[in-house]
Every structure is written in C-alpha cells, then in structure tokens.
Amino acid sequence: NGLGAVRSLPPAREEVVEYDPPKHYAYVAISGLPLKEYRVDVTLVERGPQTQVRFECTFVPKWSFAGPVFKAVLGQMMRTFARRIAQHAERCEPGCPARLPNVL
C-alpha cells in the first residue's frame, strides 16, 4: 500500500499514484472500467477531535452519453467508501493504523 501499489477491485485494477500518509493518497484505474480516465483522491483532514474523509473522483467516460450514469454510480460508491472508512476507524482493534498515535 504505497506509491506504485496495484490492487484488484473487480472488475478494475487500480494503481496508487500519490501516497502521503496519513493525510492523502490517490489512485487511478489502469484497467477494467469503461472509462478513458479515472482518478480518486482521498484526503483526511483533522477537524478537532474528528477527521473529515474526503473522496474526490474525476473521470472521463468512453461514451459521452454515459457520463451522468457514471457520475451517479461513482458518487454513491465514494459516499459508501467514506462511510465505511469512518465506521472502521471508530471500531478498529488496537494496533490498527487508524488507532496509532499522531495519525489522523
């Protein structure tokens, strides 16, 4: 899970292109999606005792007519991912990176 790491999230394969723990990382799709371009930036921002999780997704569909559909689907996916990250951080076990000192 660092710069250049590739993971499979069927049907897509993604590569980490920016990695600045614990505040930011970004990845792009390298195969498996019907998109010309796809990039997600995940940013964690300390807000007092809480942390804001921000997912920003940019994409270019292969077919222009499909843009609104992809926007709706990807938007829902990003909201789900952000909610799951927050839920995990609230409940993870001791030793989990989300619980380490000085980590957002």
# chains A, B, ... in the order shown; residues from 1 in each chain; ligands from 1
$ residues_around --residues "stretch 78-81 of chain A" --least-positions-apart "6" --cutoff "12 Å" --atoms "only C-alpha atoms" --output "NGL selection string"
:A and (39-42 or 53-58 or 70-72 or 87-88)
$ write_last_selection --atoms "N, CA and C atoms" --output "tab-separated table (two decimals), in the first residue's frame"
chain	number	residue	atom	x	y	z
A	39	ARG	N	-9.62	8.82	-11.70
A	39	ARG	CA	-8.70	9.10	-10.61
A	39	ARG	C	-9.50	9.41	-9.36
A	40	VAL	N	-9.03	8.88	-8.24
A	40	VAL	CA	-9.65	9.17	-6.95
A	40	VAL	C	-8.58	9.71	-6.02
A	41	ASP	N	-8.89	10.83	-5.37
A	41	ASP	CA	-8.03	11.40	-4.33
A	41	ASP	C	-8.75	11.25	-3.00
A	42	VAL	N	-8.07	10.68	-2.03
A	42	VAL	CA	-8.61	10.52	-0.69
A	42	VAL	C	-7.79	11.40	0.24
A	53	VAL	N	-13.17	12.77	6.08
A	53	VAL	CA	-12.70	11.91	5.00
A	53	VAL	C	-13.31	12.47	3.71
A	54	ARG	N	-12.43	12.86	2.79
A	54	ARG	CA	-12.92	13.43	1.53
A	54	ARG	C	-12.45	12.58	0.36
A	55	PHE	N	-13.40	12.09	-0.42
A	55	PHE	CA	-13.13	11.37	-1.65
A	55	PHE	C	-13.46	12.31	-2.80
A	56	GLU	N	-12.54	12.47	-3.72
A	56	GLU	CA	-12.79	13.27	-4.92
A	56	GLU	C	-12.47	12.39	-6.12
A	57	CYS	N	-13.45	12.20	-6.97
A	57	CYS	CA	-13.31	11.32	-8.12
A	57	CYS	C	-13.46	12.14	-9.39
A	58	THR	N	-12.51	11.99	-10.31
A	58	THR	CA	-12.63	12.60	-11.63
A	58	THR	C	-12.54	11.49	-12.66
A	70	PHE	N	-22.43	7.22	-14.95
A	70	PHE	CA	-21.20	7.00	-14.19
A	70	PHE	C	-21.10	7.96	-13.00
A	71	LYS	N	-21.51	9.20	-13.19
A	71	LYS	CA	-21.45	10.18	-12.10
A	71	LYS	C	-22.32	9.72	-10.93
A	72	ALA	N	-23.52	9.24	-11.21
A	72	ALA	CA	-24.40	8.77	-10.14
A	72	ALA	C	-23.84	7.54	-9.44
A	87	GLN	N	-16.54	4.30	9.80
A	87	GLN	CA	-17.01	3.25	10.69
A	87	GLN	C	-15.87	2.37	11.16
A	88	HIS	N	-14.96	2.03	10.26
A	88	HIS	CA	-13.82	1.20	10.63
A	88	HIS	C	-12.94	1.92	11.65
$ residues_around --residues "A:Gly4" --least-positions-apart "5" --cutoff "9 Å" --atoms "only C-alpha atoms" --output "short mmCIF file (atom, residue, chain, number, x, y, z; two decimals) with N, CA, C and O atoms, in the first residue's frame"
data_model
loop_
_atom_site.label_atom_id
_atom_site.label_comp_id
_atom_site.auth_asym_id
_atom_site.auth_seq_id
_atom_site.Cartn_x
_atom_site.Cartn_y
_atom_site.Cartn_z
N GLU A 15 -3.95 1.64 -9.50
CA GLU A 15 -2.57 1.88 -9.09
C GLU A 15 -2.50 3.15 -8.25
O GLU A 15 -3.07 4.18 -8.60
N VAL A 16 -1.78 3.06 -7.13
CA VAL A 16 -1.58 4.23 -6.26
C VAL A 16 -0.56 5.15 -6.93
O VAL A 16 0.55 4.73 -7.24
N VAL A 17 -0.96 6.42 -7.15
CA VAL A 17 -0.09 7.38 -7.85
C VAL A 17 0.39 8.50 -6.95
O VAL A 17 1.31 9.25 -7.32
N GLU A 18 -0.21 8.67 -5.80
CA GLU A 18 0.27 9.62 -4.79
C GLU A 18 0.06 8.96 -3.43
O GLU A 18 -0.96 8.33 -3.19
N TYR A 19 1.05 9.15 -2.55
CA TYR A 19 0.98 8.50 -1.25
C TYR A 19 1.68 9.38 -0.23
O TYR A 19 2.90 9.50 -0.25
#
$ atom_distance --atom1 "atom CA of A:Glu14" --atom2 "atom CA of A:Glu93"
27.1 Å
$ residues_around --residues "stretch 31-37 of chain A" --least-positions-apart "2" --cutoff "9 Å" --atoms "only C-alpha atoms" --output "JSON, numbers by chain"
{"A": [10, 11, 12, 13, 14, 28, 29, 39, 58, 59, 60, 61, 62, 63]}
$ write_last_selection --atoms "N, CA and C atoms" --output "PDB file, in the first residue's frame"
ATOM      1  N   PRO A  10     -12.336  -6.075  -8.547  1.00  0.00           N
ATOM      2  CA  PRO A  10     -13.013  -6.476  -9.782  1.00  0.00           C
ATOM      3  C   PRO A  10     -14.237  -5.610 -10.080  1.00  0.00           C
ATOM      4  N   PRO A  11     -14.363  -5.175 -11.313  1.00  0.00           N
ATOM      5  CA  PRO A  11     -13.600  -5.580 -12.490  1.00  0.00           C
ATOM      6  C   PRO A  11     -12.352  -4.737 -12.722  1.00  0.00           C
ATOM      7  N   ALA A  12     -12.082  -3.771 -11.854  1.00  0.00           N
ATOM      8  CA  ALA A  12     -10.992  -2.818 -12.098  1.00  0.00           C
ATOM      9  C   ALA A  12      -9.676  -3.242 -11.455  1.00  0.00           C
ATOM     10  N   ARG A  13      -8.599  -2.706 -12.018  1.00  0.00           N
ATOM     11  CA  ARG A  13      -7.277  -2.744 -11.380  1.00  0.00           C
ATOM     12  C   ARG A  13      -6.869  -1.291 -11.203  1.00  0.00           C
ATOM     13  N   GLU A  14      -6.359  -0.980 -10.024  1.00  0.00           N
ATOM     14  CA  GLU A  14      -6.018   0.403  -9.686  1.00  0.00           C
ATOM     15  C   GLU A  14      -4.569   0.484  -9.231  1.00  0.00           C
ATOM     16  N   VAL A  28      -5.431   5.634  -9.641  1.00  0.00           N
ATOM     17  CA  VAL A  28      -6.044   5.684 -10.965  1.00  0.00           C
ATOM     18  C   VAL A  28      -6.395   4.265 -11.387  1.00  0.00           C
ATOM     19  N   ALA A  29      -7.412   4.165 -12.251  1.00  0.00           N
ATOM     20  CA  ALA A  29      -7.752   2.868 -12.833  1.00  0.00           C
ATOM     21  C   ALA A  29      -6.777   2.593 -13.967  1.00  0.00           C
ATOM     22  N   ARG A  39      -9.620   8.816 -11.701  1.00  0.00           N
ATOM     23  CA  ARG A  39      -8.696   9.099 -10.605  1.00  0.00           C
ATOM     24  C   ARG A  39      -9.504   9.414  -9.360  1.00  0.00           C
ATOM     25  N   THR A  58     -12.512  11.989 -10.305  1.00  0.00           N
ATOM     26  CA  THR A  58     -12.633  12.597 -11.627  1.00  0.00           C
ATOM     27  C   THR A  58     -12.542  11.485 -12.655  1.00  0.00           C
ATOM     28  N   PHE A  59     -13.332  11.619 -13.722  1.00  0.00           N
ATOM     29  CA  PHE A  59     -13.338  10.575 -14.731  1.00  0.00           C
ATOM     30  C   PHE A  59     -13.775  11.139 -16.074  1.00  0.00           C
ATOM     31  N   VAL A  60     -13.406  10.435 -17.116  1.00  0.00           N
ATOM     32  CA  VAL A  60     -13.833  10.734 -18.480  1.00  0.00           C
ATOM     33  C   VAL A  60     -14.388   9.436 -19.053  1.00  0.00           C
ATOM     34  N   PRO A  61     -15.695   9.391 -19.344  1.00  0.00           N
ATOM     35  CA  PRO A  61     -16.266   8.159 -19.892  1.00  0.00           C
ATOM     36  C   PRO A  61     -15.846   7.941 -21.343  1.00  0.00           C
ATOM     37  N   LYS A  62     -15.825   6.686 -21.736  1.00  0.00           N
ATOM     38  CA  LYS A  62     -15.514   6.368 -23.134  1.00  0.00           C
ATOM     39  C   LYS A  62     -16.624   6.864 -24.056  1.00  0.00           C
ATOM     40  N   TRP A  63     -17.859   6.884 -23.553  1.00  0.00           N
ATOM     41  CA  TRP A  63     -19.007   7.338 -24.345  1.00  0.00           C
ATOM     42  C   TRP A  63     -19.647   8.504 -23.602  1.00  0.00           C
TER      43      TRP A  63
END
$ atom_distance --atom1 "atom CA of A:Arg84" --atom2 "atom CA of A:Ala66"
27.0 Å
$ select_by_dssp --residues "chain A" --states "strand (DSSP E or B)" --output "PyMOL selection string"
chain A and resi 6-9+12-20+24-31+35-47+50-61
$ decode --residues "stretch 67-100 of chain A" --atoms "N, CA, C and O atoms" --output "CSV table (one decimal), in the first residue's frame"
chain,number,residue,atom,x,y,z
A,67,GLY,N,-21.9,9.6,-19.2
A,67,GLY,CA,-21.4,10.4,-18.1
A,67,GLY,C,-22.3,10.5,-16.9
A,67,GLY,O,-21.9,10.3,-15.8
A,68,PRO,N,-23.6,10.9,-17.1
A,68,PRO,CA,-24.5,11.0,-16.0
A,68,PRO,C,-24.7,9.7,-15.2
A,68,PRO,O,-24.8,9.8,-14.0
A,69,VAL,N,-24.7,8.6,-15.9
A,69,VAL,CA,-24.9,7.3,-15.2
A,69,VAL,C,-23.6,7.0,-14.4
A,69,VAL,O,-23.7,6.7,-13.2
A,70,PHE,N,-22.4,7.2,-14.9
A,70,PHE,CA,-21.2,7.0,-14.2
A,70,PHE,C,-21.1,8.0,-13.0
A,70,PHE,O,-20.7,7.6,-11.9
A,71,LYS,N,-21.5,9.2,-13.2
A,71,LYS,CA,-21.5,10.2,-12.1
A,71,LYS,C,-22.3,9.7,-10.9
A,71,LYS,O,-21.9,9.8,-9.8
A,72,ALA,N,-23.5,9.2,-11.2
A,72,ALA,CA,-24.4,8.8,-10.1
A,72,ALA,C,-23.8,7.5,-9.4
A,72,ALA,O,-23.8,7.5,-8.2
A,73,VAL,N,-23.4,6.6,-10.2
A,73,VAL,CA,-22.9,5.3,-9.6
A,73,VAL,C,-21.6,5.6,-8.8
A,73,VAL,O,-21.4,5.1,-7.7
A,74,LEU,N,-20.6,6.3,-9.4
A,74,LEU,CA,-19.4,6.6,-8.7
A,74,LEU,C,-19.6,7.5,-7.5
A,74,LEU,O,-18.9,7.3,-6.5
A,75,GLY,N,-20.5,8.4,-7.6
A,75,GLY,CA,-20.9,9.2,-6.4
A,75,GLY,C,-21.3,8.4,-5.2
A,75,GLY,O,-20.9,8.6,-4.1
A,76,GLN,N,-22.2,7.5,-5.5
A,76,GLN,CA,-22.7,6.6,-4.5
A,76,GLN,C,-21.6,5.7,-3.9
A,76,GLN,O,-21.5,5.5,-2.7
A,77,MET,N,-20.7,5.2,-4.8
A,77,MET,CA,-19.6,4.4,-4.3
A,77,MET,C,-18.7,5.2,-3.4
A,77,MET,O,-18.3,4.7,-2.4
A,78,MET,N,-18.4,6.4,-3.8
A,78,MET,CA,-17.5,7.3,-2.9
A,78,MET,C,-18.1,7.5,-1.6
A,78,MET,O,-17.4,7.5,-0.5
A,79,ARG,N,-19.4,7.8,-1.5
A,79,ARG,CA,-20.1,8.0,-0.2
A,79,ARG,C,-20.0,6.8,0.6
A,79,ARG,O,-19.8,6.8,1.8
A,80,THR,N,-20.2,5.6,0.0
A,80,THR,CA,-20.2,4.4,0.7
A,80,THR,C,-18.8,4.1,1.3
A,80,THR,O,-18.6,3.7,2.4
A,81,PHE,N,-17.7,4.3,0.4
A,81,PHE,CA,-16.4,4.1,0.9
A,81,PHE,C,-16.0,5.1,2.1
A,81,PHE,O,-15.4,4.6,3.0
A,82,ALA,N,-16.4,6.3,2.0
A,82,ALA,CA,-16.1,7.3,3.0
A,82,ALA,C,-16.8,6.8,4.3
A,82,ALA,O,-16.2,6.9,5.4
A,83,ARG,N,-18.1,6.4,4.2
A,83,ARG,CA,-18.8,6.0,5.4
A,83,ARG,C,-18.1,4.7,6.1
A,83,ARG,O,-18.0,4.7,7.3
A,84,ARG,N,-17.7,3.8,5.2
A,84,ARG,CA,-17.1,2.6,5.7
A,84,ARG,C,-15.7,2.9,6.4
A,84,ARG,O,-15.4,2.2,7.4
A,85,ILE,N,-15.0,3.8,5.8
A,85,ILE,CA,-13.7,4.2,6.4
A,85,ILE,C,-13.9,4.8,7.8
A,85,ILE,O,-13.3,4.4,8.8
A,86,ALA,N,-14.9,5.7,7.9
A,86,ALA,CA,-15.2,6.3,9.2
A,86,ALA,C,-15.7,5.2,10.2
A,86,ALA,O,-15.2,5.2,11.4
A,87,GLN,N,-16.5,4.3,9.8
A,87,GLN,CA,-17.0,3.2,10.7
A,87,GLN,C,-15.9,2.4,11.2
A,87,GLN,O,-15.8,2.0,12.3
A,88,HIS,N,-15.0,2.0,10.3
A,88,HIS,CA,-13.8,1.2,10.6
A,88,HIS,C,-12.9,1.9,11.7
A,88,HIS,O,-12.5,1.3,12.7
A,89,ALA,N,-12.6,3.2,11.4
A,89,ALA,CA,-11.8,3.9,12.3
A,89,ALA,C,-12.3,4.0,13.7
A,89,ALA,O,-11.6,4.0,14.7
A,90,GLU,N,-13.7,4.1,13.8
A,90,GLU,CA,-14.3,4.2,15.1
A,90,GLU,C,-14.3,2.8,15.9
A,90,GLU,O,-14.3,2.8,17.1
A,91,ARG,N,-14.1,1.7,15.2
A,91,ARG,CA,-14.3,0.4,15.8
A,91,ARG,C,-13.0,-0.5,15.7
A,91,ARG,O,-13.1,-1.6,16.2
A,92,CYS,N,-12.0,0.0,15.0
A,92,CYS,CA,-10.9,-1.0,14.7
A,92,CYS,C,-10.1,-1.4,16.0
A,92,CYS,O,-10.2,-0.7,17.0
A,93,GLU,N,-9.5,-2.5,15.9
A,93,GLU,CA,-8.8,-3.0,17.1
A,93,GLU,C,-7.5,-2.3,17.4
A,93,GLU,O,-6.9,-1.6,16.6
A,94,PRO,N,-7.0,-2.4,18.6
A,94,PRO,CA,-5.7,-1.8,19.0
A,94,PRO,C,-4.6,-2.3,18.0
A,94,PRO,O,-4.6,-3.5,17.7
A,95,GLY,N,-3.7,-1.4,17.6
A,95,GLY,CA,-2.7,-1.8,16.7
A,95,GLY,C,-3.0,-1.5,15.2
A,95,GLY,O,-2.2,-1.5,14.4
A,96,CYS,N,-4.3,-1.2,15.0
A,96,CYS,CA,-4.7,-0.9,13.6
A,96,CYS,C,-4.1,0.5,13.3
A,96,CYS,O,-4.1,1.4,14.2
A,97,PRO,N,-3.7,0.7,12.0
A,97,PRO,CA,-3.1,2.0,11.7
A,97,PRO,C,-4.0,3.2,12.0
A,97,PRO,O,-3.6,4.3,12.3
A,98,ALA,N,-5.3,3.0,12.0
A,98,ALA,CA,-6.3,4.1,12.3
A,98,ALA,C,-6.2,4.5,13.7
A,98,ALA,O,-6.7,5.5,14.1
A,99,ARG,N,-5.6,3.7,14.6
A,99,ARG,CA,-5.5,3.9,16.0
A,99,ARG,C,-4.1,4.4,16.5
A,99,ARG,O,-3.9,4.6,17.6
A,100,LEU,N,-3.2,4.4,15.6
A,100,LEU,CA,-1.8,4.8,16.0
A,100,LEU,C,-1.7,6.2,16.4
A,100,LEU,O,-2.4,7.1,15.9
